[in-house]
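Okay, structure first, notes after.
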Amino acid sequence: MNYSFQRAKILEVVTNSYDHPTAEMIYNRVKKIIPNISMGTIYRNLNLLADNGDISKISMPSGDRFDRTIYPHCHIRCRKCNNVEDFYDLNFDKFKFKNSDYEITSIIITLEGICKKCQQKRREDLNGIKGK
């Protein structure tokens, strides 16, 4: 892949992000470095970086997210606030694929639940309703 300053800055933003940002979040961060960058440039380069294996693209119901971590791992998404976090409690070494001639290049597993912050907010909301 040819070097471009814009692509290098987009990659830098993703690799320094721990929050699995959306393209829009990345656009807002890169725009601080390159004010005249377009959203199309962001999308085009994110897809190139993902296709090249430099970053991971995670398809979520709320839209694609991008991950700096390219080795096998899972994600867990909050169904309330859409926060996405890495989840490492699955042992990929124990997966066995019977009767398959495939060379496995990726495993995509996304768990869903409600994060601690949203659970707390729900409890507070319920307590507020009961107190009225």
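All residue names refer to the structure tokens as shown: chains lettered A, B, ... in order, residues numbered from 1 in each chain, ligands numbered from 1 in order.
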Legend entry - Sel. of alpha helix (DSSP H) residues, region 18-111 of chain A, as a list in words: Ala23, Glu24, Met25, Ile26, Tyr27, Asn28, Arg29, Val30, Lys31, Met39, Gly40, Thr41, Ile42, Tyr43, Arg44, Asn45, Leu46, Asn47, Leu48, Leu49, Ala50 and Asp51 of chain A
Would you mind exporting N, CA, C and O atoms of the selected residues as an mmCIF file, in the first residue's frame?
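To be explicit, this is the file written out as out.cif:
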data_model
loop_
_atom_site.group_PDB
_atom_site.id
_atom_site.type_symbol
_atom_site.label_atom_id
_atom_site.label_comp_id
_atom_site.auth_asym_id
_atom_site.auth_seq_id
_atom_site.Cartn_x
_atom_site.Cartn_y
_atom_site.Cartn_z
ATOM 1 N N ALA A 23 -16.367 5.757 12.261
ATOM 2 C CA ALA A 23 -15.712 6.595 11.250
ATOM 3 C C ALA A 23 -15.903 8.070 11.589
ATOM 4 O O ALA A 23 -14.983 8.880 11.419
ATOM 5 N N GLU A 24 -17.071 8.428 12.092
ATOM 6 C CA GLU A 24 -17.336 9.827 12.450
ATOM 7 C C GLU A 24 -16.445 10.287 13.607
ATOM 8 O O GLU A 24 -15.919 11.408 13.596
ATOM 9 N N MET A 25 -16.259 9.428 14.596
ATOM 10 C CA MET A 25 -15.364 9.760 15.712
ATOM 11 C C MET A 25 -13.937 9.951 15.208
ATOM 12 O O MET A 25 -13.234 10.888 15.618
ATOM 13 N N ILE A 26 -13.502 9.071 14.309
ATOM 14 C CA ILE A 26 -12.157 9.172 13.738
ATOM 15 C C ILE A 26 -12.038 10.458 12.923
ATOM 16 O O ILE A 26 -11.043 11.181 13.027
ATOM 17 N N TYR A 27 -13.067 10.762 12.131
ATOM 18 C CA TYR A 27 -13.086 11.994 11.341
ATOM 19 C C TYR A 27 -12.890 13.213 12.244
ATOM 20 O O TYR A 27 -12.066 14.083 11.960
ATOM 21 N N ASN A 28 -13.623 13.278 13.354
ATOM 22 C CA ASN A 28 -13.508 14.421 14.271
ATOM 23 C C ASN A 28 -12.114 14.518 14.885
ATOM 24 O O ASN A 28 -11.608 15.618 15.110
ATOM 25 N N ARG A 29 -11.479 13.399 15.136
ATOM 26 C CA ARG A 29 -10.124 13.402 15.713
ATOM 27 C C ARG A 29 -9.077 13.788 14.669
ATOM 28 O O ARG A 29 -8.167 14.559 14.953
ATOM 29 N N VAL A 30 -9.210 13.251 13.460
ATOM 30 C CA VAL A 30 -8.239 13.544 12.403
ATOM 31 C C VAL A 30 -8.385 14.993 11.938
ATOM 32 O O VAL A 30 -7.401 15.646 11.598
ATOM 33 N N LYS A 31 -9.607 15.513 11.965
ATOM 34 C CA LYS A 31 -9.872 16.887 11.525
ATOM 35 C C LYS A 31 -9.076 17.901 12.361
ATOM 36 O O LYS A 31 -8.729 18.968 11.869
ATOM 37 N N MET A 39 -14.863 13.414 4.837
ATOM 38 C CA MET A 39 -15.391 12.158 5.380
ATOM 39 C C MET A 39 -15.145 11.014 4.391
ATOM 40 O O MET A 39 -14.867 9.893 4.796
ATOM 41 N N GLY A 40 -15.229 11.310 3.095
ATOM 42 C CA GLY A 40 -14.964 10.289 2.078
ATOM 43 C C GLY A 40 -13.544 9.746 2.173
ATOM 44 O O GLY A 40 -13.314 8.545 2.023
ATOM 45 N N THR A 41 -12.599 10.628 2.431
ATOM 46 C CA THR A 41 -11.200 10.214 2.600
ATOM 47 C C THR A 41 -11.057 9.314 3.825
ATOM 48 O O THR A 41 -10.324 8.324 3.794
ATOM 49 N N ILE A 42 -11.768 9.656 4.887
ATOM 50 C CA ILE A 42 -11.739 8.827 6.099
ATOM 51 C C ILE A 42 -12.261 7.432 5.777
ATOM 52 O O ILE A 42 -11.602 6.424 6.060
ATOM 53 N N TYR A 43 -13.458 7.336 5.179
ATOM 54 C CA TYR A 43 -14.049 6.037 4.855
ATOM 55 C C TYR A 43 -13.143 5.227 3.932
ATOM 56 O O TYR A 43 -12.908 4.041 4.160
ATOM 57 N N ARG A 44 -12.656 5.850 2.891
ATOM 58 C CA ARG A 44 -11.812 5.158 1.912
ATOM 59 C C ARG A 44 -10.560 4.585 2.579
ATOM 60 O O ARG A 44 -10.208 3.423 2.375
ATOM 61 N N ASN A 45 -9.907 5.380 3.406
ATOM 62 C CA ASN A 45 -8.678 4.926 4.052
ATOM 63 C C ASN A 45 -8.936 3.919 5.160
ATOM 64 O O ASN A 45 -8.148 2.991 5.339
ATOM 65 N N LEU A 46 -10.014 4.068 5.906
ATOM 66 C CA LEU A 46 -10.346 3.060 6.924
ATOM 67 C C LEU A 46 -10.566 1.706 6.266
ATOM 68 O O LEU A 46 -10.086 0.680 6.763
ATOM 69 N N ASN A 47 -11.285 1.698 5.150
ATOM 70 C CA ASN A 47 -11.526 0.429 4.454
ATOM 71 C C ASN A 47 -10.230 -0.156 3.898
ATOM 72 O O ASN A 47 -10.018 -1.363 3.976
ATOM 73 N N LEU A 48 -9.359 0.677 3.353
ATOM 74 C CA LEU A 48 -8.059 0.199 2.869
ATOM 75 C C LEU A 48 -7.224 -0.376 4.012
ATOM 76 O O LEU A 48 -6.619 -1.454 3.872
ATOM 77 N N LEU A 49 -7.184 0.328 5.139
ATOM 78 C CA LEU A 49 -6.404 -0.136 6.296
ATOM 79 C C LEU A 49 -6.958 -1.454 6.835
ATOM 80 O O LEU A 49 -6.199 -2.346 7.207
ATOM 81 N N ALA A 50 -8.294 -1.580 6.860
ATOM 82 C CA ALA A 50 -8.914 -2.825 7.331
ATOM 83 C C ALA A 50 -8.648 -3.961 6.343
ATOM 84 O O ALA A 50 -8.289 -5.071 6.752
ATOM 85 N N ASP A 51 -8.803 -3.685 5.048
ATOM 86 C CA ASP A 51 -8.546 -4.720 4.027
ATOM 87 C C ASP A 51 -7.093 -5.168 4.044
ATOM 88 O O ASP A 51 -6.788 -6.330 3.754
#
Legend entry - Selection near region 15-21 of chain A, 7 Å with only C-alpha atoms, sequence-local residues under 4 positions removed, as a VMD selection string: chain A and resid 11 25 to 26 65 to 68 84 to 85
Would you export the selected residues with all heavy atoms as a PDB file, in the first residue's frame, please?
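Once written, part-v6.pdb looks like this:
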ATOM      1  N   LEU A  11      -4.442   6.093  10.536  1.00  0.00           N
ATOM      2  CA  LEU A  11      -3.941   4.905  11.232  1.00  0.00           C
ATOM      3  C   LEU A  11      -3.452   5.272  12.628  1.00  0.00           C
ATOM      4  O   LEU A  11      -3.736   4.561  13.598  1.00  0.00           O
ATOM      5  CB  LEU A  11      -2.817   4.245  10.428  1.00  0.00           C
ATOM      6  CG  LEU A  11      -2.169   3.019  11.068  1.00  0.00           C
ATOM      7  CD1 LEU A  11      -3.183   1.909  11.311  1.00  0.00           C
ATOM      8  CD2 LEU A  11      -1.028   2.517  10.179  1.00  0.00           C
ATOM      9  N   MET A  25     -16.259   9.428  14.596  1.00  0.00           N
ATOM     10  CA  MET A  25     -15.364   9.760  15.712  1.00  0.00           C
ATOM     11  C   MET A  25     -13.937   9.951  15.208  1.00  0.00           C
ATOM     12  O   MET A  25     -13.234  10.888  15.618  1.00  0.00           O
ATOM     13  CB  MET A  25     -15.420   8.657  16.780  1.00  0.00           C
ATOM     14  CG  MET A  25     -16.753   8.554  17.496  1.00  0.00           C
ATOM     15  SD  MET A  25     -16.957   6.991  18.404  1.00  0.00           S
ATOM     16  CE  MET A  25     -15.840   7.224  19.771  1.00  0.00           C
ATOM     17  N   ILE A  26     -13.502   9.071  14.309  1.00  0.00           N
ATOM     18  CA  ILE A  26     -12.157   9.172  13.738  1.00  0.00           C
ATOM     19  C   ILE A  26     -12.038  10.458  12.923  1.00  0.00           C
ATOM     20  O   ILE A  26     -11.043  11.181  13.027  1.00  0.00           O
ATOM     21  CB  ILE A  26     -11.835   7.923  12.892  1.00  0.00           C
ATOM     22  CG1 ILE A  26     -11.773   6.689  13.810  1.00  0.00           C
ATOM     23  CG2 ILE A  26     -10.542   8.094  12.113  1.00  0.00           C
ATOM     24  CD1 ILE A  26     -11.839   5.370  13.090  1.00  0.00           C
ATOM     25  N   ARG A  65     -17.422  -0.087  13.584  1.00  0.00           N
ATOM     26  CA  ARG A  65     -16.438   0.461  14.518  1.00  0.00           C
ATOM     27  C   ARG A  65     -15.077  -0.032  14.049  1.00  0.00           C
ATOM     28  O   ARG A  65     -14.985  -1.013  13.317  1.00  0.00           O
ATOM     29  CB  ARG A  65     -16.711  -0.058  15.939  1.00  0.00           C
ATOM     30  CG  ARG A  65     -18.130   0.158  16.463  1.00  0.00           C
ATOM     31  CD  ARG A  65     -18.468   1.598  16.729  1.00  0.00           C
ATOM     32  NE  ARG A  65     -17.915   2.108  17.946  1.00  0.00           N
ATOM     33  CZ  ARG A  65     -18.580   2.272  19.078  1.00  0.00           C
ATOM     34  NH1 ARG A  65     -19.845   1.967  19.151  1.00  0.00           N
ATOM     35  NH2 ARG A  65     -17.976   2.761  20.136  1.00  0.00           N
ATOM     36  N   PHE A  66     -14.019   0.627  14.499  1.00  0.00           N
ATOM     37  CA  PHE A  66     -12.676   0.265  14.072  1.00  0.00           C
ATOM     38  C   PHE A  66     -11.818  -0.011  15.293  1.00  0.00           C
ATOM     39  O   PHE A  66     -11.922   0.667  16.310  1.00  0.00           O
ATOM     40  CB  PHE A  66     -12.094   1.362  13.172  1.00  0.00           C
ATOM     41  CG  PHE A  66     -12.883   1.483  11.902  1.00  0.00           C
ATOM     42  CD1 PHE A  66     -13.984   2.323  11.828  1.00  0.00           C
ATOM     43  CD2 PHE A  66     -12.565   0.710  10.801  1.00  0.00           C
ATOM     44  CE1 PHE A  66     -14.751   2.403  10.676  1.00  0.00           C
ATOM     45  CE2 PHE A  66     -13.326   0.777   9.640  1.00  0.00           C
ATOM     46  CZ  PHE A  66     -14.410   1.631   9.584  1.00  0.00           C
ATOM     47  N   ASP A  67     -10.985  -1.031  15.173  1.00  0.00           N
ATOM     48  CA  ASP A  67     -10.227  -1.538  16.313  1.00  0.00           C
ATOM     49  C   ASP A  67      -8.750  -1.577  15.971  1.00  0.00           C
ATOM     50  O   ASP A  67      -8.357  -2.017  14.894  1.00  0.00           O
ATOM     51  CB  ASP A  67     -10.726  -2.953  16.642  1.00  0.00           C
ATOM     52  CG  ASP A  67     -10.243  -3.474  17.973  1.00  0.00           C
ATOM     53  OD1 ASP A  67      -9.393  -2.827  18.619  1.00  0.00           O
ATOM     54  OD2 ASP A  67     -10.717  -4.550  18.364  1.00  0.00           O
ATOM     55  N   ARG A  68      -7.958  -1.143  16.917  1.00  0.00           N
ATOM     56  CA  ARG A  68      -6.505  -1.160  16.777  1.00  0.00           C
ATOM     57  C   ARG A  68      -5.945  -2.564  16.936  1.00  0.00           C
ATOM     58  O   ARG A  68      -4.858  -2.874  16.486  1.00  0.00           O
ATOM     59  CB  ARG A  68      -5.894  -0.235  17.826  1.00  0.00           C
ATOM     60  CG  ARG A  68      -6.231  -0.670  19.241  1.00  0.00           C
ATOM     61  CD  ARG A  68      -5.984   0.405  20.288  1.00  0.00           C
ATOM     62  NE  ARG A  68      -4.610   0.762  20.469  1.00  0.00           N
ATOM     63  CZ  ARG A  68      -3.768   0.121  21.253  1.00  0.00           C
ATOM     64  NH1 ARG A  68      -4.175  -0.902  21.961  1.00  0.00           N
ATOM     65  NH2 ARG A  68      -2.520   0.506  21.353  1.00  0.00           N
ATOM     66  N   VAL A  84     -18.345  -0.202  23.165  1.00  0.00           N
ATOM     67  CA  VAL A  84     -17.749  -1.469  22.730  1.00  0.00           C
ATOM     68  C   VAL A  84     -16.425  -1.638  23.444  1.00  0.00           C
ATOM     69  O   VAL A  84     -15.614  -0.720  23.496  1.00  0.00           O
ATOM     70  CB  VAL A  84     -17.526  -1.492  21.200  1.00  0.00           C
ATOM     71  CG1 VAL A  84     -16.846  -2.782  20.768  1.00  0.00           C
ATOM     72  CG2 VAL A  84     -18.840  -1.308  20.460  1.00  0.00           C
ATOM     73  N   GLU A  85     -16.219  -2.822  24.014  1.00  0.00           N
ATOM     74  CA  GLU A  85     -14.972  -3.124  24.711  1.00  0.00           C
ATOM     75  C   GLU A  85     -14.436  -4.463  24.230  1.00  0.00           C
ATOM     76  O   GLU A  85     -15.185  -5.302  23.730  1.00  0.00           O
ATOM     77  CB  GLU A  85     -15.212  -3.211  26.230  1.00  0.00           C
ATOM     78  CG  GLU A  85     -15.640  -1.909  26.848  1.00  0.00           C
ATOM     79  CD  GLU A  85     -15.895  -2.030  28.343  1.00  0.00           C
ATOM     80  OE1 GLU A  85     -15.382  -2.977  28.968  1.00  0.00           O
ATOM     81  OE2 GLU A  85     -16.610  -1.170  28.868  1.00  0.00           O
TER      82      GLU A  85
END
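One finds CA of Gly63 (chain A) at 26.2 Å from CA of Phe5 (chain A).
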If you run DSSP on this backbone, which residues of chain A come out as strand (DSSP E), and could you give them as a PDB file with C-alpha atoms, in the first residue's frame?
ATOM      1  CA  SER A  56      -9.935  -4.382  12.318  1.00  0.00           C
ATOM      2  CA  LYS A  57     -13.390  -3.375  11.134  1.00  0.00           C
ATOM      3  CA  ILE A  58     -16.168  -4.474  13.468  1.00  0.00           C
ATOM      4  CA  ARG A  65     -16.438   0.461  14.518  1.00  0.00           C
ATOM      5  CA  PHE A  66     -12.676   0.265  14.072  1.00  0.00           C
ATOM      6  CA  ASP A  67     -10.227  -1.538  16.313  1.00  0.00           C
ATOM      7  CA  CYS A  74     -14.033 -10.830  21.075  1.00  0.00           C
ATOM      8  CA  HIS A  75     -16.031  -7.700  21.702  1.00  0.00           C
ATOM      9  CA  ILE A  76     -18.817  -6.916  24.092  1.00  0.00           C
ATOM     10  CA  ARG A  77     -21.320  -4.163  23.265  1.00  0.00           C
ATOM     11  CA  CYS A  78     -23.684  -2.373  25.595  1.00  0.00           C
ATOM     12  CA  VAL A  84     -17.749  -1.469  22.730  1.00  0.00           C
ATOM     13  CA  GLU A  85     -14.972  -3.124  24.711  1.00  0.00           C
ATOM     14  CA  ASP A  86     -12.531  -5.946  24.108  1.00  0.00           C
ATOM     15  CA  PHE A  87     -13.383  -9.277  25.702  1.00  0.00           C
ATOM     16  CA  THR A 110     -19.630 -10.055  19.648  1.00  0.00           C
ATOM     17  CA  LEU A 111     -21.318 -10.442  22.988  1.00  0.00           C
ATOM     18  CA  GLU A 112     -24.084  -8.049  23.995  1.00  0.00           C
ATOM     19  CA  GLY A 113     -25.231  -6.923  27.390  1.00  0.00           C
TER      20      GLY A 113
END
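A straight line drawn from CA of Ile70 (chain A) to CA of Ile55 (chain A) is 5.8 Å long.
Distance check against Ile34 (chain A) using only C-alpha atoms: of A:Gly53, A:Thr22, A:Lys9, A:Asp101, the minimum falls on A:Lys9.
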Inset, instruction - Just the residues within 9 Å of region 114-116 of chain A, please, counting only C-alpha atoms, with nothing from its chain fewer than 3 positions along; format it as a PyMOL selection string. - result: chain A and resi 77-81+83+119-121
Give me a file of those residues, with N, CA, C and O atoms, as a PDB file, in the first residue's frame.
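File again.pdb, as written:
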ATOM      1  N   ARG A  77     -20.671  -5.439  23.557  1.00  0.00           N
ATOM      2  CA  ARG A  77     -21.320  -4.163  23.265  1.00  0.00           C
ATOM      3  C   ARG A  77     -22.479  -3.942  24.215  1.00  0.00           C
ATOM      4  O   ARG A  77     -23.282  -4.837  24.457  1.00  0.00           O
ATOM      5  N   CYS A  78     -22.551  -2.725  24.745  1.00  0.00           N
ATOM      6  CA  CYS A  78     -23.684  -2.373  25.595  1.00  0.00           C
ATOM      7  C   CYS A  78     -24.880  -2.073  24.703  1.00  0.00           C
ATOM      8  O   CYS A  78     -24.787  -1.262  23.770  1.00  0.00           O
ATOM      9  N   ARG A  79     -25.998  -2.705  24.984  1.00  0.00           N
ATOM     10  CA  ARG A  79     -27.202  -2.521  24.178  1.00  0.00           C
ATOM     11  C   ARG A  79     -27.878  -1.179  24.436  1.00  0.00           C
ATOM     12  O   ARG A  79     -28.733  -0.763  23.679  1.00  0.00           O
ATOM     13  N   LYS A  80     -27.474  -0.506  25.492  1.00  0.00           N
ATOM     14  CA  LYS A  80     -28.066   0.804  25.819  1.00  0.00           C
ATOM     15  C   LYS A  80     -27.263   1.949  25.213  1.00  0.00           C
ATOM     16  O   LYS A  80     -27.804   2.772  24.501  1.00  0.00           O
ATOM     17  N   CYS A  81     -25.960   2.021  25.513  1.00  0.00           N
ATOM     18  CA  CYS A  81     -25.142   3.167  25.101  1.00  0.00           C
ATOM     19  C   CYS A  81     -24.240   2.865  23.907  1.00  0.00           C
ATOM     20  O   CYS A  81     -23.544   3.747  23.429  1.00  0.00           O
ATOM     21  N   ASN A  83     -21.483   1.323  23.813  1.00  0.00           N
ATOM     22  CA  ASN A  83     -20.066   1.230  24.140  1.00  0.00           C
ATOM     23  C   ASN A  83     -19.562  -0.150  23.726  1.00  0.00           C
ATOM     24  O   ASN A  83     -20.254  -1.151  23.891  1.00  0.00           O
ATOM     25  N   GLN A 119     -26.291  -0.021  33.811  1.00  0.00           N
ATOM     26  CA  GLN A 119     -27.014  -0.731  34.873  1.00  0.00           C
ATOM     27  C   GLN A 119     -27.262   0.201  36.048  1.00  0.00           C
ATOM     28  O   GLN A 119     -28.366   0.235  36.607  1.00  0.00           O
ATOM     29  N   GLN A 120     -26.232   0.953  36.416  1.00  0.00           N
ATOM     30  CA  GLN A 120     -26.349   1.899  37.534  1.00  0.00           C
ATOM     31  C   GLN A 120     -27.379   2.972  37.217  1.00  0.00           C
ATOM     32  O   GLN A 120     -28.206   3.309  38.055  1.00  0.00           O
ATOM     33  N   LYS A 121     -27.351   3.500  36.000  1.00  0.00           N
ATOM     34  CA  LYS A 121     -28.317   4.532  35.597  1.00  0.00           C
ATOM     35  C   LYS A 121     -29.731   3.979  35.651  1.00  0.00           C
ATOM     36  O   LYS A 121     -30.648   4.650  36.119  1.00  0.00           O
TER      37      LYS A 121
END
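If only C-alpha atoms are the atoms counted, then among A:Leu90, A:Glu103, A:Arg7, A:Asn82 the closest residue to Asp64 (chain A) is A:Asn82.
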